[in-house]
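Enquirer: File follows, start_9.txt with compact mmCIF, C-alpha atoms and all ligand atoms:
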# COMPACT_ATOMS: atom_id res chain seq x y z
CA MET A 1 133.68 101.16 160.95
CA ALA A 2 132.11 104.52 160.27
CA LEU A 3 133.68 107.48 161.97
CA TRP A 4 131.45 109.92 163.68
CA ARG A 5 132.10 113.55 164.40
CA GLY A 6 129.47 115.04 166.63
CA LYS A 7 128.88 117.17 169.66
CA PRO A 8 130.45 115.84 172.88
CA VAL A 9 127.06 115.81 174.55
CA ALA A 10 127.59 112.70 176.58
CA VAL A 11 130.87 113.79 178.14
CA ALA A 12 129.57 117.27 178.96
CA ALA A 13 126.47 115.84 180.57
CA ALA A 14 128.46 113.40 182.66
CA VAL A 15 130.85 116.06 183.91
CA ALA A 16 127.91 118.28 184.83
CA LEU A 17 126.39 115.37 186.71
CA ALA A 18 129.64 114.77 188.58
CA ALA A 19 129.76 118.41 189.67
CA CYS A 20 126.15 118.27 190.72
CA ALA A 21 126.71 115.08 192.69
CA ALA A 22 129.72 116.58 194.47
CA ARG A 23 127.55 119.46 195.66
CA THR A 24 125.03 116.96 197.01
CA GLU A 25 127.73 115.21 198.99
CA GLN A 26 128.93 118.41 200.65
CA SER A 27 125.51 119.58 201.74
CA ALA A 28 123.85 118.32 204.91
CA PRO A 29 121.42 115.44 204.43
CA SER A 30 117.99 116.84 203.71
CA THR A 31 114.90 115.95 201.75
CA ALA A 32 116.04 118.36 199.04
CA ALA A 33 119.41 116.58 198.81
CA ALA A 34 117.71 113.19 198.66
CA GLY A 35 115.53 114.49 195.84
CA GLU A 36 118.62 115.79 194.06
CA THR A 37 120.30 112.37 194.36
CA ARG A 38 117.20 110.81 192.88
CA ASP A 39 117.37 113.21 189.94
CA ILE A 40 121.07 112.53 189.47
CA MET A 41 120.42 108.78 189.46
CA SER A 42 117.69 109.24 186.84
CA SER A 43 120.04 111.25 184.62
CA ILE A 44 122.80 108.68 185.05
CA ALA A 45 120.36 105.88 184.25
CA ASP A 46 119.24 107.67 181.07
CA ARG A 47 122.84 108.11 179.96
CA TYR A 48 123.55 104.45 180.73
CA VAL A 49 120.68 103.39 178.47
CA ALA A 50 121.99 105.67 175.70
CA LEU A 51 125.49 104.16 176.01
CA VAL A 52 124.22 100.58 175.89
CA LEU A 53 122.25 101.43 172.75
CA ALA A 54 125.31 103.20 171.30
CA LEU A 55 127.45 100.09 171.84
CA GLY A 56 124.69 97.97 170.32
CA VAL A 57 125.28 99.80 167.04
CA HIS A 58 128.79 98.27 166.92
CA ASP A 59 127.94 94.86 168.36
CA PRO A 60 124.76 93.20 167.06
CA ASP A 61 124.65 90.69 169.96
CA TYR A 62 125.04 93.30 172.70
CA VAL A 63 121.49 94.56 173.20
CA ASP A 64 119.45 91.52 174.10
CA ALA A 65 116.27 93.47 174.83
CA TYR A 66 115.17 97.07 174.72
CA TYR A 67 111.66 98.36 175.25
CA GLY A 68 112.21 102.02 176.10
CA PRO A 69 111.29 104.85 173.72
CA PRO A 70 112.13 103.79 170.12
CA GLU A 71 113.50 107.29 169.40
CA LYS A 72 116.42 106.58 171.71
CA ARG A 73 117.47 103.59 169.65
CA ALA A 74 116.99 105.55 166.42
CA GLU A 75 119.13 108.33 167.89
CA ALA A 76 121.93 105.89 168.76
CA GLU A 77 121.82 104.43 165.25
CA ALA A 78 121.92 107.88 163.66
CA GLN A 79 124.79 109.06 165.87
CA LYS A 80 127.00 105.95 165.51
CA LEU A 81 129.14 107.12 168.42
CA PRO A 82 132.68 105.71 167.87
CA LEU A 83 134.00 103.17 170.39
CA PRO A 84 136.57 105.51 172.00
CA ARG A 85 133.83 108.08 172.60
CA ILE A 86 131.55 105.46 174.13
CA ARG A 87 134.38 104.45 176.43
CA GLU A 88 135.13 108.04 177.46
CA SER A 89 131.48 108.69 178.23
CA ALA A 90 131.17 105.49 180.25
CA VAL A 91 134.25 106.34 182.34
CA SER A 92 132.87 109.85 183.00
CA LEU A 93 129.54 108.38 183.94
CA LEU A 94 131.25 106.03 186.38
CA SER A 95 132.84 109.07 188.09
CA ALA A 96 129.45 110.73 188.29
CA LEU A 97 128.02 107.57 189.78
CA LYS A 98 130.81 107.33 192.35
CA ALA A 99 130.05 110.88 193.47
CA ALA A 100 126.33 110.15 193.76
CA LYS A 101 126.14 108.35 197.09
CA PRO A 102 123.34 105.80 197.13
CA SER A 103 120.49 106.65 199.42
CA GLY A 104 117.14 105.07 200.14
CA ASP A 105 116.07 101.48 200.63
CA GLU A 106 117.94 98.28 199.80
CA LEU A 107 116.78 98.37 196.19
CA ALA A 108 118.12 101.91 195.76
CA ILE A 109 121.52 100.77 197.04
CA LEU A 110 121.43 97.74 194.75
CA ARG A 111 120.57 100.13 191.90
CA HIS A 112 123.76 102.09 192.46
CA GLN A 113 125.83 98.87 192.48
CA TYR A 114 123.98 97.65 189.40
CA LEU A 115 124.72 100.74 187.32
CA THR A 116 128.36 100.73 188.45
CA ARG A 117 129.05 97.10 187.54
CA GLN A 118 127.02 97.20 184.34
CA LEU A 119 128.97 100.29 183.19
CA GLN A 120 132.32 98.69 184.10
CA ALA A 121 131.34 95.67 182.00
CA LEU A 122 130.35 97.98 179.14
CA VAL A 123 133.86 99.49 179.24
CA THR A 124 135.31 95.95 179.07
CA ARG A 125 133.15 95.06 176.09
CA VAL A 126 134.32 98.23 174.29
CA ASP A 127 137.91 97.20 175.01
CA MET A 128 137.30 93.71 173.63
CA LEU A 129 135.74 95.12 170.46
CA SER A 130 138.78 97.41 170.21
CA GLY A 131 141.12 94.41 170.19
CA VAL A 132 142.10 94.02 173.85
CA LYS A 133 142.82 90.36 174.69
CA MET A 134 142.11 88.81 178.08
CA SER A 135 142.34 85.40 179.67
CA PHE A 136 139.06 83.52 180.11
CA ASP A 137 138.99 84.32 183.84
CA GLU A 138 139.83 88.00 183.34
CA GLU A 139 137.09 88.28 180.77
CA SER A 140 134.43 86.51 182.84
CA GLN A 141 135.33 88.50 185.94
CA ALA A 142 135.11 91.80 184.04
CA LEU A 143 131.94 90.97 182.13
CA TYR A 144 130.00 88.72 184.52
CA ASP A 145 131.51 89.45 187.92
CA ALA A 146 132.43 85.79 188.39
CA LYS A 147 135.11 83.19 187.72
CA ALA A 148 134.46 79.51 187.10
CA PRO A 149 136.50 76.95 189.07
CA HIS A 150 139.31 75.22 187.16
CA LEU A 151 138.42 71.54 186.90
CA GLY A 152 140.71 68.94 185.37
CA GLU A 153 139.84 65.67 183.69
CA ASP A 154 139.89 63.91 187.08
CA HIS A 155 136.83 65.81 188.20
CA PHE A 156 134.72 64.34 185.41
CA ARG A 157 136.09 60.77 185.34
CA PRO A 158 134.04 59.37 188.27
CA ILE A 159 130.81 60.73 186.73
CA LEU A 160 131.76 59.22 183.37
CA ALA A 161 132.56 55.92 185.08
CA GLU A 162 129.09 55.87 186.62
CA LEU A 163 127.54 56.52 183.21
CA ASP A 164 129.72 53.80 181.76
CA ARG A 165 128.14 51.34 184.19
CA LEU A 166 124.61 52.55 183.39
CA LEU A 167 125.12 52.29 179.62
CA PRO A 168 126.95 48.99 179.10
CA GLY A 169 127.99 47.61 175.73
CA PRO A 170 130.77 47.75 173.14
CA GLY A 171 132.19 50.97 171.70
CA PRO A 172 133.09 54.32 173.26
CA LEU A 173 130.77 55.80 175.90
CA ILE A 174 129.86 58.78 173.71
CA GLU A 175 128.49 56.39 171.06
CA ARG A 176 126.51 54.38 173.59
CA TYR A 177 125.13 57.56 175.16
CA THR A 178 124.22 59.06 171.76
CA ALA A 179 122.38 55.86 170.80
CA PHE A 180 120.61 55.75 174.17
CA ARG A 181 119.56 59.40 173.94
CA GLY A 182 118.37 58.82 170.39
CA GLY A 183 115.62 56.65 171.86
CA PHE A 184 114.22 59.66 173.75
CA VAL A 185 114.03 62.23 170.96
CA ILE A 186 110.73 64.08 170.52
CA PRO A 187 109.46 63.48 166.96
CA LYS A 188 109.33 66.80 165.09
CA ASP A 189 105.60 66.62 164.45
CA ARG A 190 104.97 66.26 168.21
CA LEU A 191 107.37 68.96 169.33
CA ASP A 192 104.83 71.76 169.57
CA ALA A 193 102.37 69.67 171.59
CA VAL A 194 105.11 68.58 174.01
CA PHE A 195 106.59 72.03 174.36
CA THR A 196 103.16 73.65 174.86
CA ALA A 197 102.36 71.15 177.63
CA ALA A 198 105.77 71.73 179.22
CA ILE A 199 105.30 75.52 179.32
CA ASP A 200 101.80 75.05 180.69
CA GLY A 201 103.19 72.81 183.45
CA CYS A 202 105.92 75.33 184.32
CA ARG A 203 103.42 78.21 184.36
CA ARG A 204 100.93 76.34 186.57
CA ARG A 205 103.65 75.66 189.12
CA THR A 206 104.85 79.27 189.07
CA LEU A 207 101.54 81.15 189.29
CA PRO A 208 100.63 80.26 192.90
CA HIS A 209 103.97 81.69 194.12
CA VAL A 210 104.70 84.66 191.88
CA ASP A 211 102.44 87.67 191.50
CA LEU A 212 102.74 88.09 187.74
CA PRO A 213 101.46 91.24 186.01
CA ALA A 214 98.05 90.93 184.40
CA GLY A 215 98.21 90.33 180.67
CA GLU A 216 101.67 88.74 180.67
CA THR A 217 101.96 86.50 177.63
CA PHE A 218 104.37 84.83 175.22
CA THR A 219 104.52 83.32 171.76
CA VAL A 220 106.65 80.37 170.63
CA GLU A 221 108.49 80.16 167.29
CA TYR A 222 110.51 77.29 165.84
CA VAL A 223 113.75 78.30 164.07
CA THR A 224 116.99 76.80 162.70
CA GLY A 225 120.57 77.90 162.02
CA LYS A 226 121.37 79.34 165.48
CA ALA A 227 124.27 78.78 167.90
CA TRP A 228 121.80 78.36 170.80
CA SER A 229 119.08 75.80 171.51
CA ALA A 230 116.41 78.33 172.56
CA TYR A 231 116.12 82.06 173.17
CA ASN A 232 113.76 84.45 174.92
CA TRP A 233 113.38 87.79 173.16
CA TYR A 234 111.63 90.02 175.68
CA GLN A 235 109.45 92.61 173.98
CA GLY A 236 108.31 94.78 176.91
CA GLY A 237 104.67 95.12 177.93
CA PHE A 238 105.08 91.74 179.73
CA ARG A 239 105.41 89.89 176.41
CA SER A 240 108.09 87.42 175.29
CA VAL A 241 108.90 85.72 172.02
CA ILE A 242 110.40 82.33 172.78
CA GLN A 243 112.33 80.73 169.93
CA VAL A 244 113.24 77.05 169.91
CA ASN A 245 116.00 75.85 167.58
CA THR A 246 114.87 72.61 165.91
CA GLU A 247 118.07 72.09 163.90
CA LEU A 248 119.27 69.25 166.15
CA PRO A 249 117.15 66.47 167.64
CA ILE A 250 115.49 67.56 170.90
CA ALA A 251 115.38 64.90 173.62
CA ILE A 252 112.44 64.71 176.01
CA ASP A 253 114.26 66.25 179.01
CA ARG A 254 114.89 69.44 177.06
CA ALA A 255 111.16 70.26 177.03
CA ILE A 256 111.04 71.06 180.76
CA ASP A 257 114.51 72.61 180.69
CA LEU A 258 113.65 75.02 177.90
CA ALA A 259 110.10 75.77 179.05
CA CYS A 260 111.19 76.68 182.59
CA HIS A 261 114.38 78.42 181.47
CA GLU A 262 112.90 80.60 178.74
CA GLY A 263 109.43 80.93 180.22
CA TYR A 264 108.28 80.20 183.78
CA PRO A 265 109.85 80.92 186.22
CA GLY A 266 112.86 81.80 184.01
CA HIS A 267 113.55 84.64 181.58
CA HIS A 268 109.95 85.62 180.85
CA VAL A 269 109.12 85.94 184.55
CA TYR A 270 112.43 87.68 185.37
CA ASN A 271 111.90 90.30 182.66
CA ALA A 272 108.22 90.79 183.48
CA LEU A 273 108.96 91.30 187.21
CA LEU A 274 111.78 93.76 186.50
CA GLU A 275 109.47 95.72 184.21
CA LYS A 276 106.60 95.66 186.70
CA HIS A 277 108.51 96.55 189.87
CA LEU A 278 111.50 98.56 188.73
CA VAL A 279 110.54 100.15 185.41
CA ARG A 280 106.86 100.87 186.00
CA GLU A 281 106.58 101.23 189.78
CA ARG A 282 109.92 102.97 190.39
CA GLY A 283 110.44 104.59 186.99
CA TRP A 284 113.98 103.21 186.54
CA PRO A 285 114.79 103.39 182.81
CA GLU A 286 117.99 101.31 183.05
CA LEU A 287 115.99 98.09 183.21
CA THR A 288 114.35 98.78 179.82
CA VAL A 289 117.62 97.70 178.22
CA TYR A 290 119.46 94.45 178.78
CA PRO A 291 123.09 94.28 177.61
CA LEU A 292 123.94 90.65 177.05
CA PHE A 293 127.65 90.85 177.92
CA SER A 294 127.11 92.12 181.45
CA PRO A 295 126.82 90.81 185.04
CA GLN A 296 123.04 90.84 184.69
CA SER A 297 123.40 87.81 182.41
CA LEU A 298 124.75 85.65 185.23
CA ILE A 299 121.63 86.44 187.25
CA ALA A 300 119.37 85.96 184.21
CA GLU A 301 120.84 82.59 183.20
CA GLY A 302 121.47 81.43 186.75
CA THR A 303 117.88 82.07 187.85
CA ALA A 304 116.51 80.59 184.61
CA ASN A 305 118.42 77.34 185.20
CA TYR A 306 117.82 77.21 188.94
CA GLY A 307 114.11 77.90 188.34
CA ILE A 308 113.76 74.39 186.88
CA GLU A 309 114.34 72.72 190.25
CA VAL A 310 112.25 75.37 192.03
CA ALA A 311 109.26 74.67 189.76
CA PHE A 312 109.81 70.88 189.72
CA PRO A 313 111.39 69.91 193.03
CA GLY A 314 112.57 66.37 193.76
CA ASP A 315 110.84 63.71 191.72
CA GLU A 316 108.06 66.01 190.55
CA ARG A 317 109.81 66.58 187.26
CA LEU A 318 110.10 62.86 186.55
CA ARG A 319 106.46 62.37 187.47
CA PHE A 320 105.29 65.17 185.18
CA GLU A 321 107.45 63.99 182.29
CA ARG A 322 106.30 60.40 182.68
CA GLU A 323 102.59 61.20 183.02
CA HIS A 324 102.25 64.06 180.55
CA LEU A 325 105.20 64.57 178.22
CA TYR A 326 106.19 60.98 177.37
CA PRO A 327 102.68 60.09 176.10
CA LEU A 328 102.49 63.33 174.09
CA ALA A 329 105.87 62.56 172.53
CA GLY A 330 104.85 58.96 171.76
CA LEU A 331 107.64 57.68 174.03
CA ASP A 332 107.37 54.77 176.49
CA PRO A 333 106.66 56.22 180.00
CA ALA A 334 108.05 53.02 181.54
CA ARG A 335 111.54 54.16 180.51
CA ALA A 336 111.28 57.66 182.01
CA ALA A 337 113.07 56.81 185.29
CA GLU A 338 115.97 55.16 183.47
CA TYR A 339 116.44 58.22 181.28
CA ASP A 340 116.12 60.59 184.24
CA GLN A 341 118.91 58.80 186.07
CA VAL A 342 121.25 59.25 183.11
CA ARG A 343 120.19 62.90 182.66
CA ARG A 344 121.05 63.76 186.27
CA LEU A 345 124.56 62.40 185.79
CA VAL A 346 125.08 64.15 182.46
CA ASP A 347 123.97 67.44 184.08
CA ARG A 348 126.91 67.07 186.43
CA LEU A 349 129.25 67.28 183.43
CA ALA A 350 128.18 70.89 182.74
CA TYR A 351 131.47 72.36 183.94
CA ALA A 352 133.30 70.40 181.23
CA GLY A 353 131.76 72.88 178.78
CA ASN A 354 133.42 75.77 180.65
CA GLU A 355 136.77 73.96 180.51
CA ALA A 356 136.47 73.39 176.76
CA ALA A 357 135.62 77.08 176.28
CA ARG A 358 138.50 78.22 178.47
CA ARG A 359 141.07 76.12 176.60
CA TYR A 360 139.64 76.96 173.17
CA LEU A 361 139.27 80.72 173.69
CA GLU A 362 142.77 80.98 175.17
CA GLY A 363 144.12 79.26 172.03
CA ARG A 364 145.39 76.18 173.88
CA ILE A 365 143.25 73.87 171.73
CA ASP A 366 141.69 74.36 168.29
CA ALA A 367 138.09 73.71 167.24
CA ALA A 368 138.81 70.00 166.67
CA GLY A 369 140.41 69.75 170.12
CA ALA A 370 137.46 71.53 171.73
CA ALA A 371 135.03 69.19 169.97
CA ALA A 372 137.04 66.18 171.19
CA TRP A 373 137.03 67.54 174.77
CA LEU A 374 133.28 68.18 174.64
CA GLU A 375 132.65 64.67 173.33
CA GLN A 376 134.84 63.01 175.91
CA TYR A 377 134.08 65.02 179.05
CA ALA A 378 130.70 66.70 178.41
CA LEU A 379 129.32 63.72 176.44
CA MET A 380 128.24 65.92 173.55
CA PRO A 381 127.70 64.18 170.22
CA ALA A 382 129.70 65.65 167.32
CA ASP A 383 126.85 67.78 165.91
CA ARG A 384 126.02 69.27 169.33
CA ALA A 385 129.71 69.90 170.03
CA ARG A 386 130.01 71.80 166.74
CA GLN A 387 126.98 73.92 167.70
CA ARG A 388 128.56 74.62 171.10
CA ILE A 389 131.82 75.75 169.50
CA ARG A 390 129.83 78.20 167.36
CA PHE A 391 128.39 79.41 170.68
CA PHE A 392 131.94 79.86 172.09
CA ASP A 393 132.90 81.87 168.99
CA GLN A 394 129.89 84.13 169.27
CA TYR A 395 129.39 84.47 173.03
CA ARG A 396 132.78 83.45 174.49
CA SER A 397 132.94 83.21 178.32
CA TYR A 398 129.16 83.72 178.50
CA VAL A 399 128.98 79.92 178.86
CA LEU A 400 129.64 80.04 182.60
CA ASN A 401 126.50 82.09 183.29
CA TYR A 402 124.40 78.93 182.96
CA ASN A 403 125.99 76.44 185.31
CA LEU A 404 128.07 78.68 187.57
CA GLY A 405 125.15 81.12 187.65
CA GLN A 406 122.81 78.31 188.68
CA ASP A 407 125.13 77.19 191.48
CA MET A 408 125.64 80.77 192.73
CA VAL A 409 121.92 81.50 192.72
CA ARG A 410 121.17 78.23 194.55
CA ALA A 411 123.80 78.98 197.21
CA TYR A 412 122.36 82.48 197.67
CA ILE A 413 118.75 81.30 198.01
CA GLU A 414 119.74 78.49 200.39
CA SER A 415 121.82 80.89 202.50
CA ARG A 416 118.57 82.80 203.03
CA GLY A 417 116.73 79.71 204.22
CA GLY A 418 115.30 78.70 200.84
CA THR A 419 116.35 75.07 201.08
CA PRO A 420 114.51 72.30 199.19
CA ASP A 421 112.63 71.27 202.35
CA ARG A 422 111.20 74.81 202.70
CA PRO A 423 109.56 75.43 199.31
CA GLU A 424 107.61 78.51 200.42
CA VAL A 425 110.77 80.29 201.60
CA ARG A 426 112.56 79.15 198.47
CA TRP A 427 109.89 80.61 196.19
CA ARG A 428 109.79 83.84 198.22
CA GLU A 429 113.54 84.41 198.11
CA PHE A 430 113.73 83.37 194.47
CA THR A 431 110.97 85.82 193.50
CA ARG A 432 112.63 88.61 195.49
CA LEU A 433 115.84 88.03 193.57
CA LEU A 434 113.98 88.03 190.25
CA ALA A 435 112.36 91.39 191.05
CA SER A 436 115.62 93.11 192.04
CA PRO A 437 118.66 94.60 190.27
CA ARG A 438 120.96 92.37 192.36
CA LEU A 439 124.14 91.30 190.56
CA PRO A 440 126.59 88.41 191.18
CA GLY A 441 128.70 90.45 193.64
CA GLY A 442 125.54 90.95 195.70
CA LEU A 443 125.01 87.20 195.93
CA ASP A 444 128.34 86.77 197.72
CA ALA A 445 128.00 89.80 199.98
CA ALA A 446 124.64 88.66 201.27
CA ARG A 447 125.92 85.28 202.43
ZN ZN B 501 118.89 81.81 178.88
Go ahead and render the structure in this file as structure tokens.
Ligand SMILES: [Zn+2]

Expert:
Amino acid sequence: MALWRGKPVAVAAAVALAACAARTEQSAPSTAAAGETRDIMSSIADRYVALVLALGVHDPDYVDAYYGPPEKRAEAEAQKLPLPRIRESAVSLLSALKAAKPSGDELAILRHQYLTRQLQALVTRVDMLSGVKMSFDEESQALYDAKAPHLGEDHFRPILAELDRLLPGPGPLIERYTAFRGGFVIPKDRLDAVFTAAIDGCRRRTLPHVDLPAGETFTVEYVTGKAWSAYNWYQGGFRSVIQVNTELPIAIDRAIDLACHEGYPGHHVYNALLEKHLVRERGWPELTVYPLFSPQSLIAEGTANYGIEVAFPGDERLRFEREHLYPLAGLDPARAAEYDQVRRLVDRLAYAGNEAARRYLEGRIDAAGAAAWLEQYALMPADRARQRIRFFDQYRSYVLNYNLGQDMVRAYIESRGGTPDRPEVRWREFTRLLASPRLPGGLDAAR
């Protein structure tokens, strides 16, 4: 790691901000003071962006998206601020933030909470890169503001027993399931047609409910050699690059999953709404950068997963797959219901992935043990289990953002009246969440 000796600009700026904020607190509330708080928040937000970019120089996975001024990134790369300096600056900035009392509407209050929690997570990530070891729960709490429930083998056994009945025959269940799923794989030469139709279906169901910015668009690329199955790289300007990993066979259900999750109403819509409402309308620079290892990821992944059932409620998904995607994939539509029934059960095994990650990352099982656990309790074939363990190595406790995030987002939306029988309320509350800087802690508090 390169050492850097430079001017302590960041620390000096943060201390000055803290002093300035303290003055604001002492003075009587006035328009001038409110204006000053706004200025302080803008300065803090600028420094936050600079620190996220500075940490991104050390950690290539950290900055998931950035579409602010390119000079800022170039500056961070040129400075190569050392980790201890990044930490110091972040801690100073947190003090400045504490002194700057939030004022304004609900979004302004959420903004203050957002910057606080995002900065605390940044400090944790610096600590991890500096060698600090944490338990799985400590890490997920510090980075994502959430802890996954501890579920033993007994939790998954009844679901596996049900699958065992649905997929009769000799041999272990994982083999029977793998063979069954093999009959629903999208042939490679039909993948683009199926995926294009799936995104189109997700977009059509989203547009009537979400006021998307004009000109929003995306491109799709097919890649291999990644630890993930698909990725949205948000470019700013309401554009996304969606990459789909074709290394492993892609079964028919993954088309809707990936299209909704990465596109509509998932990551593409989330990022476009944040840019439209918070970056452009309010001028908040902090949303131009998205640090992956941060509480924002639980909201991003949770809404992206929950968005699937919002876009395709009840049996609508099965109907769409049977009528549109099965024929495009050259699969027999008559078998769609049978496959859907199995898929719903396998989805309920998602928490087994968290358990494998917890045990593996805490050193209680090795890679072979984690693969065995994933095969037995998450019904992942060996090649998919190996890919998932690469994901654990690279992204660690990030895994819980998908399923726990989905459950937390659902509970939040339903607590606000957005139940499945009230689709209009559900879409409204879901869209409000997507267009806000609300973090996991804010999902609990609002219940
Ligand atoms: Zn995602």

Enquirer: Per residue of chain A within 10 Å of ligand ZN 501 (chain B), which atom pair is closest and at what distance in Å (one decimal), using all atoms listed in the file, listed by chain and increasing number, as JSON lines?

Expert:
{"residue": "A:Trp228", "atom": "CA", "partner": "B:ZN501", "partner_atom": "ZN", "distance": 9.3}
{"residue": "A:Ser229", "atom": "CA", "partner": "B:ZN501", "partner_atom": "ZN", "distance": 9.5}
{"residue": "A:Ala230", "atom": "CA", "partner": "B:ZN501", "partner_atom": "ZN", "distance": 7.6}
{"residue": "A:Tyr231", "atom": "CA", "partner": "B:ZN501", "partner_atom": "ZN", "distance": 6.4}
{"residue": "A:Asn232", "atom": "CA", "partner": "B:ZN501", "partner_atom": "ZN", "distance": 7.0}
{"residue": "A:Trp233", "atom": "CA", "partner": "B:ZN501", "partner_atom": "ZN", "distance": 9.9}
{"residue": "A:Leu258", "atom": "CA", "partner": "B:ZN501", "partner_atom": "ZN", "distance": 8.6}
{"residue": "A:Cys260", "atom": "CA", "partner": "B:ZN501", "partner_atom": "ZN", "distance": 10.0}
{"residue": "A:His261", "atom": "CA", "partner": "B:ZN501", "partner_atom": "ZN", "distance": 6.2}
{"residue": "A:Glu262", "atom": "CA", "partner": "B:ZN501", "partner_atom": "ZN", "distance": 6.1}
{"residue": "A:Gly263", "atom": "CA", "partner": "B:ZN501", "partner_atom": "ZN", "distance": 9.6}
{"residue": "A:Gly266", "atom": "CA", "partner": "B:ZN501", "partner_atom": "ZN", "distance": 7.9}
{"residue": "A:His267", "atom": "CA", "partner": "B:ZN501", "partner_atom": "ZN", "distance": 6.6}
{"residue": "A:His268", "atom": "CA", "partner": "B:ZN501", "partner_atom": "ZN", "distance": 9.9}
{"residue": "A:Ser297", "atom": "CA", "partner": "B:ZN501", "partner_atom": "ZN", "distance": 8.3}
{"residue": "A:Leu298", "atom": "CA", "partner": "B:ZN501", "partner_atom": "ZN", "distance": 9.5}
{"residue": "A:Ile299", "atom": "CA", "partner": "B:ZN501", "partner_atom": "ZN", "distance": 9.9}
{"residue": "A:Ala300", "atom": "CA", "partner": "B:ZN501", "partner_atom": "ZN", "distance": 6.8}
{"residue": "A:Glu301", "atom": "CA", "partner": "B:ZN501", "partner_atom": "ZN", "distance": 4.8}
{"residue": "A:Gly302", "atom": "CA", "partner": "B:ZN501", "partner_atom": "ZN", "distance": 8.3}
{"residue": "A:Thr303", "atom": "CA", "partner": "B:ZN501", "partner_atom": "ZN", "distance": 9.0}
{"residue": "A:Ala304", "atom": "CA", "partner": "B:ZN501", "partner_atom": "ZN", "distance": 6.3}
{"residue": "A:Asn305", "atom": "CA", "partner": "B:ZN501", "partner_atom": "ZN", "distance": 7.8}
{"residue": "A:Asn401", "atom": "CA", "partner": "B:ZN501", "partner_atom": "ZN", "distance": 8.8}
{"residue": "A:Tyr402", "atom": "CA", "partner": "B:ZN501", "partner_atom": "ZN", "distance": 7.4}

Enquirer: Give the answer as one residue: which of A:Glu338, A:Val310, A:Arg165, A:Trp373 has the shortest atom-to-atom distance to Asp421 of chain A, using only C-alpha atoms?

Expert: A:Val310

Enquirer: Find, counting all atoms listed in the file, the residue in A:Ala357, A:Leu83, A:Ile44, A:Leu55 that gets nearest to Lys98 of chain A.

Expert: A:Ile44

Enquirer: Quick one: pull the distance between atom CA of Ala78 of chain A and atom CA of Gln120 of chain A, Å, one decimal.

Expert: 24.7 Å

Enquirer: Set out as CSV a contact list for segment 118-182 of chain A and segment 392-397 of chain A with a cut-off of 10 Å, giving each residue of segment 118-182 of chain A that qualifies its closest atom pair and distance in Å to one decimal, counting only C-alpha atoms, ordered by chain and rising residue number.

Expert:
residue,atom,partner,partner_atom,distance
A:Ser135,CA,A:Ser397,CA,9.7
A:Phe136,CA,A:Ser397,CA,6.4
A:Asp137,CA,A:Ser397,CA,8.3
A:Glu138,CA,A:Ser397,CA,9.8
A:Glu139,CA,A:Ser397,CA,7.0
A:Ser140,CA,A:Ser397,CA,5.8
A:Gln141,CA,A:Ser397,CA,9.6
A:Leu143,CA,A:Ser397,CA,8.7
A:Tyr144,CA,A:Ser397,CA,8.8
A:Lys147,CA,A:Ser397,CA,9.6
A:Ala148,CA,A:Ser397,CA,9.6
